[in-house]
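File shown here: entry-v7.txt, holding compact mmCIF, C-alpha atoms and all ligand atoms.
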```txt
# COMPACT_ATOMS: atom_id res chain seq x y z
CA MET A 1 -15.62 181.19 -13.28
CA THR A 2 -12.30 179.35 -13.11
CA THR A 3 -9.44 181.70 -13.94
CA VAL A 4 -5.84 180.93 -14.89
CA VAL A 5 -4.78 181.78 -11.32
CA ASP A 6 -7.34 179.27 -9.94
CA GLN A 7 -5.93 176.63 -12.28
CA ILE A 8 -2.37 177.36 -11.20
CA LEU A 9 -3.31 177.21 -7.50
CA GLN A 10 -5.06 173.87 -8.07
CA HIS A 11 -2.04 172.57 -9.98
CA VAL A 12 0.35 173.59 -7.19
CA PHE A 13 -2.01 172.11 -4.58
CA ASP A 14 -2.14 168.79 -6.45
CA ALA A 15 1.63 168.74 -6.99
CA CYS A 16 2.40 169.26 -3.28
CA GLN A 17 -0.46 167.41 -1.63
CA GLY A 18 1.20 163.96 -1.58
CA ASP A 19 4.22 165.11 0.45
CA LYS A 20 3.63 163.80 3.96
CA SER A 21 7.16 164.42 5.22
CA GLY A 22 7.98 166.46 8.31
CA SER A 23 6.12 166.46 11.61
CA VAL A 24 3.80 168.78 13.51
CA ALA A 25 5.27 170.91 16.28
CA ASP A 26 4.81 169.19 19.63
CA TYR A 27 7.03 171.21 21.95
CA ILE A 28 3.90 173.23 22.76
CA PRO A 29 1.55 170.36 23.79
CA GLU A 30 -1.60 171.94 22.34
CA LEU A 31 0.00 172.27 18.87
CA ALA A 32 0.43 168.49 18.65
CA ASP A 33 -3.38 168.12 18.46
CA VAL A 34 -3.84 169.57 14.96
CA THR A 35 -4.79 167.45 11.93
CA PRO A 36 -1.39 166.98 10.26
CA ASP A 37 -2.88 166.62 6.77
CA GLY A 38 -4.60 170.01 6.65
CA PHE A 39 -3.50 171.88 3.52
CA GLY A 40 -4.69 175.16 2.05
CA ILE A 41 -3.31 177.84 -0.27
CA ALA A 42 -4.68 181.39 -0.55
CA LEU A 43 -3.54 184.24 -2.78
CA ALA A 44 -4.82 187.81 -2.32
CA THR A 45 -4.04 190.48 -4.89
CA SER A 46 -2.99 193.94 -3.75
CA ASP A 47 -6.43 195.17 -4.88
CA GLY A 48 -8.10 192.66 -2.58
CA TYR A 49 -9.21 189.76 -4.79
CA VAL A 50 -8.80 186.37 -3.10
CA TYR A 51 -8.09 183.02 -4.82
CA GLN A 52 -8.04 179.88 -2.70
CA VAL A 53 -7.84 176.10 -2.70
CA GLY A 54 -8.07 173.48 0.08
CA ASP A 55 -8.32 174.14 3.83
CA THR A 56 -8.24 177.93 3.66
CA ALA A 57 -10.89 178.52 6.35
CA VAL A 58 -9.29 176.33 9.03
CA PRO A 59 -8.11 178.41 12.01
CA PHE A 60 -4.59 177.87 13.35
CA THR A 61 -2.34 179.98 15.54
CA ILE A 62 -0.21 182.61 13.82
CA GLN A 63 2.89 181.78 15.94
CA SER A 64 6.08 183.33 14.51
CA ILE A 65 4.27 184.93 11.58
CA SER A 66 3.25 187.46 14.24
CA LYS A 67 6.86 188.67 14.50
CA PRO A 68 6.99 191.07 11.50
CA PHE A 69 3.64 192.59 12.48
CA THR A 70 4.65 193.31 16.08
CA TYR A 71 8.01 194.62 14.83
CA GLY A 72 6.02 196.99 12.59
CA LEU A 73 3.97 198.15 15.58
CA ALA A 74 7.13 198.69 17.66
CA LEU A 75 8.63 200.75 14.82
CA ALA A 76 5.45 202.85 14.62
CA ASP A 77 5.35 203.32 18.42
CA ARG A 78 9.05 204.05 19.09
CA GLY A 79 10.54 205.12 15.75
CA GLU A 80 13.16 203.36 13.63
CA THR A 81 16.18 204.77 15.50
CA ALA A 82 15.02 203.73 18.96
CA VAL A 83 14.09 200.24 17.76
CA ALA A 84 17.42 199.85 15.93
CA GLN A 85 19.24 200.54 19.20
CA LYS A 86 17.55 197.42 20.60
CA ILE A 87 17.23 195.03 17.64
CA ASP A 88 19.66 194.53 14.77
CA ILE A 89 18.64 193.53 11.22
CA GLU A 90 21.28 190.95 10.34
CA PRO A 91 20.52 187.29 9.52
CA SER A 92 21.49 185.06 12.43
CA GLY A 93 22.04 181.70 10.73
CA GLU A 94 20.83 180.20 14.00
CA PRO A 95 17.64 178.39 15.05
CA PHE A 96 14.70 180.66 15.91
CA ASN A 97 14.89 179.97 19.63
CA GLU A 98 18.65 180.35 20.10
CA ILE A 99 19.56 181.84 23.49
CA SER A 100 22.09 184.33 22.16
CA LEU A 101 22.86 187.95 21.39
CA ASP A 102 25.33 189.29 18.87
CA PRO A 103 28.64 189.22 20.82
CA ILE A 104 29.74 192.59 19.43
CA THR A 105 26.54 194.66 19.47
CA GLU A 106 25.01 192.76 22.45
CA ARG A 107 21.64 193.05 20.68
CA PRO A 108 19.34 190.39 19.23
CA ARG A 109 20.48 189.85 15.66
CA ASN A 110 17.07 190.46 14.09
CA PRO A 111 13.35 190.72 14.94
CA MET A 112 12.43 187.36 13.38
CA ILE A 113 14.26 185.19 15.92
CA ASN A 114 12.69 184.89 19.38
CA ALA A 115 15.18 187.20 21.12
CA GLY A 116 14.32 189.99 18.68
CA ALA A 117 10.60 189.24 18.74
CA ILE A 118 10.37 189.31 22.55
CA THR A 119 12.21 192.65 22.42
CA SER A 120 9.70 193.97 19.84
CA ALA A 121 6.85 192.94 22.16
CA SER A 122 8.53 194.83 25.03
CA LEU A 123 8.53 197.98 22.88
CA VAL A 124 4.78 198.00 22.11
CA ALA A 125 3.21 201.00 23.85
CA GLY A 126 0.18 200.87 26.14
CA PRO A 127 -0.85 201.62 29.73
CA SER A 128 -1.27 197.96 30.82
CA PRO A 129 -0.43 194.42 29.64
CA GLU A 130 -4.07 194.00 28.54
CA ALA A 131 -3.99 197.26 26.58
CA ARG A 132 -0.72 196.33 24.88
CA PHE A 133 -2.09 192.96 23.80
CA GLU A 134 -5.29 194.58 22.57
CA ARG A 135 -3.22 197.02 20.47
CA ILE A 136 -1.40 194.04 18.93
CA ARG A 137 -4.63 192.12 18.25
CA ARG A 138 -6.22 195.20 16.68
CA ALA A 139 -3.15 195.90 14.55
CA TYR A 140 -3.13 192.34 13.15
CA SER A 141 -6.89 192.64 12.54
CA ARG A 142 -6.36 195.78 10.46
CA TYR A 143 -4.02 193.83 8.17
CA ALA A 144 -6.47 190.91 7.94
CA GLY A 145 -9.54 193.12 7.48
CA ARG A 146 -11.52 191.32 10.20
CA GLU A 147 -11.47 190.96 13.98
CA LEU A 148 -8.98 188.21 14.81
CA THR A 149 -9.48 186.20 18.00
CA PHE A 150 -7.28 184.74 20.71
CA ASN A 151 -6.72 181.01 21.25
CA THR A 152 -6.69 180.55 25.02
CA ALA A 153 -5.82 176.83 24.94
CA VAL A 154 -2.67 177.34 22.83
CA TYR A 155 -1.63 180.35 24.92
CA GLU A 156 -2.01 178.43 28.20
CA SER A 157 -0.13 175.47 26.76
CA GLU A 158 2.80 177.67 25.70
CA ALA A 159 2.75 179.70 28.92
CA ARG A 160 3.04 176.41 30.86
CA THR A 161 5.94 175.06 28.86
CA GLY A 162 7.79 178.09 27.43
CA ASN A 163 10.82 178.15 29.71
CA ARG A 164 13.29 178.57 26.89
CA ASN A 165 11.57 181.83 25.92
CA ARG A 166 11.61 182.90 29.58
CA ALA A 167 15.36 182.26 29.59
CA ILE A 168 15.65 184.51 26.52
CA GLY A 169 13.53 187.17 28.29
CA TYR A 170 15.79 187.20 31.34
CA MET A 171 18.91 187.26 29.18
CA LEU A 172 17.47 190.33 27.39
CA ARG A 173 16.70 191.98 30.73
CA SER A 174 20.20 191.35 32.06
CA PHE A 175 21.69 193.11 29.01
CA ASP A 176 19.17 196.00 29.39
CA ILE A 177 17.72 195.26 25.96
CA ILE A 178 14.41 194.86 27.75
CA GLU A 179 14.05 197.68 30.26
CA SER A 180 10.86 196.43 31.92
CA ASP A 181 9.60 193.18 33.46
CA PRO A 182 10.86 190.32 31.22
CA GLU A 183 7.97 188.06 32.30
CA ALA A 184 5.50 190.62 30.93
CA ALA A 185 7.34 190.86 27.59
CA VAL A 186 7.48 187.07 27.22
CA ASP A 187 3.82 186.74 28.18
CA LEU A 188 2.84 189.33 25.55
CA TYR A 189 4.90 187.38 23.00
CA PHE A 190 3.11 184.11 23.95
CA ARG A 191 -0.22 185.92 23.53
CA GLN A 192 0.61 187.36 20.11
CA CYS A 193 1.67 183.88 18.93
CA SER A 194 -1.74 182.55 20.03
CA ILE A 195 -3.89 184.69 17.75
CA ASP A 196 -5.92 182.50 15.39
CA VAL A 197 -5.80 183.08 11.64
CA THR A 198 -6.81 181.21 8.49
CA ALA A 199 -4.85 180.97 5.25
CA VAL A 200 -7.19 183.61 3.79
CA ASP A 201 -6.45 185.94 6.75
CA LEU A 202 -2.71 185.51 6.23
CA ALA A 203 -3.04 186.12 2.49
CA MET A 204 -4.94 189.35 3.23
CA MET A 205 -2.31 190.37 5.79
CA ALA A 206 0.36 189.76 3.14
CA ALA A 207 -1.70 191.63 0.52
CA THR A 208 -1.91 194.61 2.90
CA MET A 209 1.90 194.57 3.08
CA ALA A 210 2.05 194.24 -0.71
CA ASN A 211 -0.25 197.27 -0.91
CA ASN A 212 2.20 199.40 1.09
CA GLY A 213 0.40 198.93 4.40
CA LEU A 214 -3.13 199.82 3.25
CA ASN A 215 -5.72 197.04 3.52
CA PRO A 216 -7.07 196.80 -0.05
CA ARG A 217 -10.55 195.77 1.10
CA THR A 218 -11.28 197.92 4.15
CA ARG A 219 -8.98 200.81 3.00
CA GLU A 220 -7.73 200.99 6.61
CA ARG A 221 -4.05 201.81 7.05
CA ALA A 222 -2.19 199.10 8.99
CA LEU A 223 1.36 200.51 8.67
CA ALA A 224 3.12 203.53 7.11
CA PRO A 225 4.79 202.76 3.73
CA ALA A 226 8.34 203.52 4.98
CA LEU A 227 7.91 201.02 7.80
CA VAL A 228 6.47 198.38 5.45
CA GLU A 229 9.70 198.69 3.47
CA ARG A 230 11.73 198.11 6.61
CA VAL A 231 9.68 195.10 7.71
CA LEU A 232 9.80 193.50 4.25
CA SER A 233 13.58 193.94 4.09
CA VAL A 234 14.02 192.04 7.34
CA MET A 235 11.57 189.34 6.21
CA THR A 236 13.67 188.88 3.06
CA THR A 237 16.92 188.23 4.88
CA CYS A 238 15.69 186.65 8.12
CA GLY A 239 12.07 185.47 7.75
CA MET A 240 12.82 181.81 7.09
CA TYR A 241 15.50 181.53 9.79
CA ASP A 242 18.50 179.41 8.88
CA GLY A 243 16.59 178.33 5.74
CA ALA A 244 16.57 181.96 4.53
CA GLY A 245 19.34 181.63 1.91
CA ASP A 246 17.69 178.68 0.17
CA TRP A 247 14.33 180.48 0.32
CA VAL A 248 15.67 183.66 -1.28
CA ALA A 249 17.37 181.64 -4.01
CA ARG A 250 14.37 179.45 -4.79
CA VAL A 251 11.33 181.62 -3.97
CA GLY A 252 12.71 185.15 -3.93
CA MET A 253 10.01 186.92 -1.90
CA PRO A 254 9.93 188.35 1.64
CA ALA A 255 8.26 185.72 3.81
CA LYS A 256 7.59 184.45 7.32
CA SER A 257 6.79 181.02 8.69
CA GLY A 258 5.25 179.83 11.95
CA VAL A 259 5.21 176.53 13.83
CA GLY A 260 1.40 176.49 13.58
CA GLY A 261 1.99 175.48 9.94
CA GLY A 262 1.52 178.82 8.22
CA VAL A 263 3.77 180.48 5.66
CA LEU A 264 3.16 183.99 4.37
CA ALA A 265 4.92 185.60 1.39
CA VAL A 266 4.65 189.09 -0.06
CA LEU A 267 5.17 190.21 -3.64
CA PRO A 268 5.34 194.01 -3.21
CA GLY A 269 2.86 195.91 -5.35
CA GLN A 270 1.17 192.72 -6.49
CA MET A 271 -0.02 190.08 -4.04
CA GLY A 272 0.16 188.19 -0.81
CA ILE A 273 0.36 184.41 -0.60
CA ALA A 274 -0.35 182.13 2.35
CA VAL A 275 -0.09 178.39 2.83
CA TYR A 276 -1.33 176.29 5.71
CA SER A 277 0.16 172.83 6.24
CA PRO A 278 1.22 171.83 9.78
CA ARG A 279 4.03 169.34 9.10
CA LEU A 280 7.35 171.15 9.61
CA ASP A 281 10.94 170.66 8.46
CA HIS A 282 13.94 170.84 10.80
CA HIS A 283 14.04 174.67 10.59
CA GLY A 284 10.43 174.86 11.87
CA ASN A 285 9.10 175.84 8.41
CA SER A 286 6.03 174.11 6.91
CA VAL A 287 7.24 171.45 4.43
CA ARG A 288 4.37 171.85 1.95
CA GLY A 289 4.24 175.59 2.68
CA VAL A 290 7.79 175.98 1.41
CA ALA A 291 7.18 173.57 -1.51
CA ALA A 292 3.95 175.32 -2.57
CA CYS A 293 5.60 178.76 -2.45
CA ARG A 294 8.46 177.46 -4.60
CA GLU A 295 6.02 176.04 -7.15
CA LEU A 296 3.88 179.18 -7.17
CA SER A 297 6.93 181.40 -7.55
CA LYS A 298 8.03 179.31 -10.54
CA LYS A 299 4.61 179.09 -12.21
CA LEU A 300 3.65 182.74 -11.69
CA GLU A 301 7.24 184.00 -12.15
CA LEU A 302 7.18 185.80 -8.81
CA HIS A 303 10.90 185.67 -7.94
CA PHE A 304 11.63 189.39 -7.79
CA LEU A 305 14.93 189.59 -5.95
O1 LIG A 401 8.52 180.94 20.36
C1 LIG A 401 7.84 179.94 20.14
O2 LIG A 401 8.22 178.88 20.53
C2 LIG A 401 6.53 179.97 19.36
N1 LIG A 401 5.47 180.49 20.07
C3 LIG A 401 6.66 180.53 18.00
C4 LIG A 401 7.77 179.89 17.23
C5 LIG A 401 7.58 179.79 15.77
O3 LIG A 401 6.51 179.87 15.22
C6 LIG A 401 8.82 179.49 15.02
N2 LIG A 401 8.56 179.43 13.63
N3 LIG A 401 8.74 178.71 12.75
```
Whole structure given in structure tokens:
Amino acid sequence: MTTVVDQILQHVFDACQGDKSGSVADYIPELADVTPDGFGIALATSDGYVYQVGDTAVPFTIQSISKPFTYGLALADRGETAVAQKIDIEPSGEPFNEISLDPITERPRNPMINAGAITSASLVAGPSPEARFERIRRAYSRYAGRELTFNTAVYESEARTGNRNRAIGYMLRSFDIIESDPEAAVDLYFRQCSIDVTAVDLAMMAATMANNGLNPRTRERALAPALVERVLSVMTTCGMYDGAGDWVARVGMPAKSGVGGGVLAVLPGQMGIAVYSPRLDHHGNSVRGVAACRELSKKLELHFL
């Protein structure tokens, strides 16, 4: 049966489909190989019902959308106070891969830029690099409600070319923000970015956030409610990088984008939304992902801030 929500999703899909502006990320060679025209929208309610249109089963790498989830794991492993001593929660107004720390606090400004995200990865507990990555993969899988898998080709491509992130890792080590081997922290970050998801997976991950950290389908807890609140706050102010102000004004939901073409947005207590469309704007946010979220927010009156 076609519901009103299905009709709205189709309408938004049709309205945004023709926009072919932007370009796919190519600074990681393997990312340049995607089909640029892929486009899918998925919406999962906080009781687990999924609506979808377009390419919602196409796998793509999670990239920076991993950042809030690893930050959540670091908070659960180390506690809010210990994490706050390492990573601030202020918007940076800078590109995601800026090689900088706050000059006064000497900490990364927030966990959504690379400096903060590599620090979050360094704080994930586990007896070995393999165990730490497996804890990350399992955590993301709890949000998605299925076993997510690792994309070796994208990981190897980024590991070969990711010298800017290595520079950030060594900067963090020299300021004692990272207290262990910076290469290991950066490698873990590359691995978390290379987990494959679909738009439906991301919508379920967002719905789990919307449901206070409890996956509405599997009933498994992914994160404690107090930590969900913290993660969503940071997504609101920092999730769309230096496009965050415009996003909050026009969409008004906590969100996160990734250079794989995904965008995820959370309406607390109600739903999670995900869009897949690989062409990116100059901030590194999916062009049609941002446009579709704006349209959906307008049509479904989701702006809650
Ligand atoms: O740090 C990087 O370069 C990537 N692996 C992730 C960056 C990313 O997704 C930025 N988001 N829009």
Please, what distance in Å, to one decimal, runs between atom CA of Gln270 of chain A and atom CA of Ala244 of chain A?
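It comes out at 21.8 Å.
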What are the centre and the three edge lengths of an axis-aligned box that wraps all atoms of segment 179-190 of chain A in the file, given that 8 Å is added to every side, written as lines of an AutoDock Vina configuration file and rounded to one decimal in Å?
```
center_x = 8.4
center_y = 190.9
center_z = 28.2
size_x = 27.2
size_y = 29.6
size_z = 26.5
```
Fewer than 5 positions away in the same chain doesn't count, so skip those; otherwise give me all residues within 10 Å of Pro29 of chain A, counting all atoms listed in the file, as JSON, numbers by chain.
{"A": [153, 154, 156, 157, 158, 160, 161]}
For ligand LIG 401 (chain A), return the neighbouring residues as a ChimeraX atom specification (distance at most 9 Å; all atoms listed in the file).
/A:27-28,61-67,95-97,112-114,117-118,155,158,162,164-165,189-194,240-241,256-263,280,283-286
Any idea what the distance is between atom CA of Tyr51 of chain A and atom CA of Asp6 of chain A?
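Distance between the two atoms: 6.4 Å.
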Residue with smallest distance to Lys20 of chain A - pool A:Gly38, A:Arg137, A:Met1, A:Tyr49, counting all atoms listed in the file:
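Checking each candidate against Lys20 of chain A, we get A:Gly38 as the closest.
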For Ala185 of chain A, which residue among A:Thr218, A:Thr152, A:Thr3, A:Thr119 is the nearest when counting all atoms listed in the file?
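Nearest candidate to Ala185 of chain A out of A:Thr218, A:Thr152, A:Thr3, A:Thr119: A:Thr119.
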Å distance separating atom CA of Asp176 of chain A from atom CA of Gly126 of chain A, one decimal place
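Answer for the atom CA of Asp176 of chain A to atom CA of Gly126 of chain A separation: 19.9 Å.
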Taking only C-alpha atoms into account, which of A:Asp77, A:Asp37, A:Glu183, A:Asp102 comes nearest Arg135 of chain A?
A:Asp77
Return the single residue from A:Val251, A:Ala42, A:Val12, A:Ile87 that is closest to Leu101 of chain A, with distances computed using all atoms listed in the file.
A:Ile87
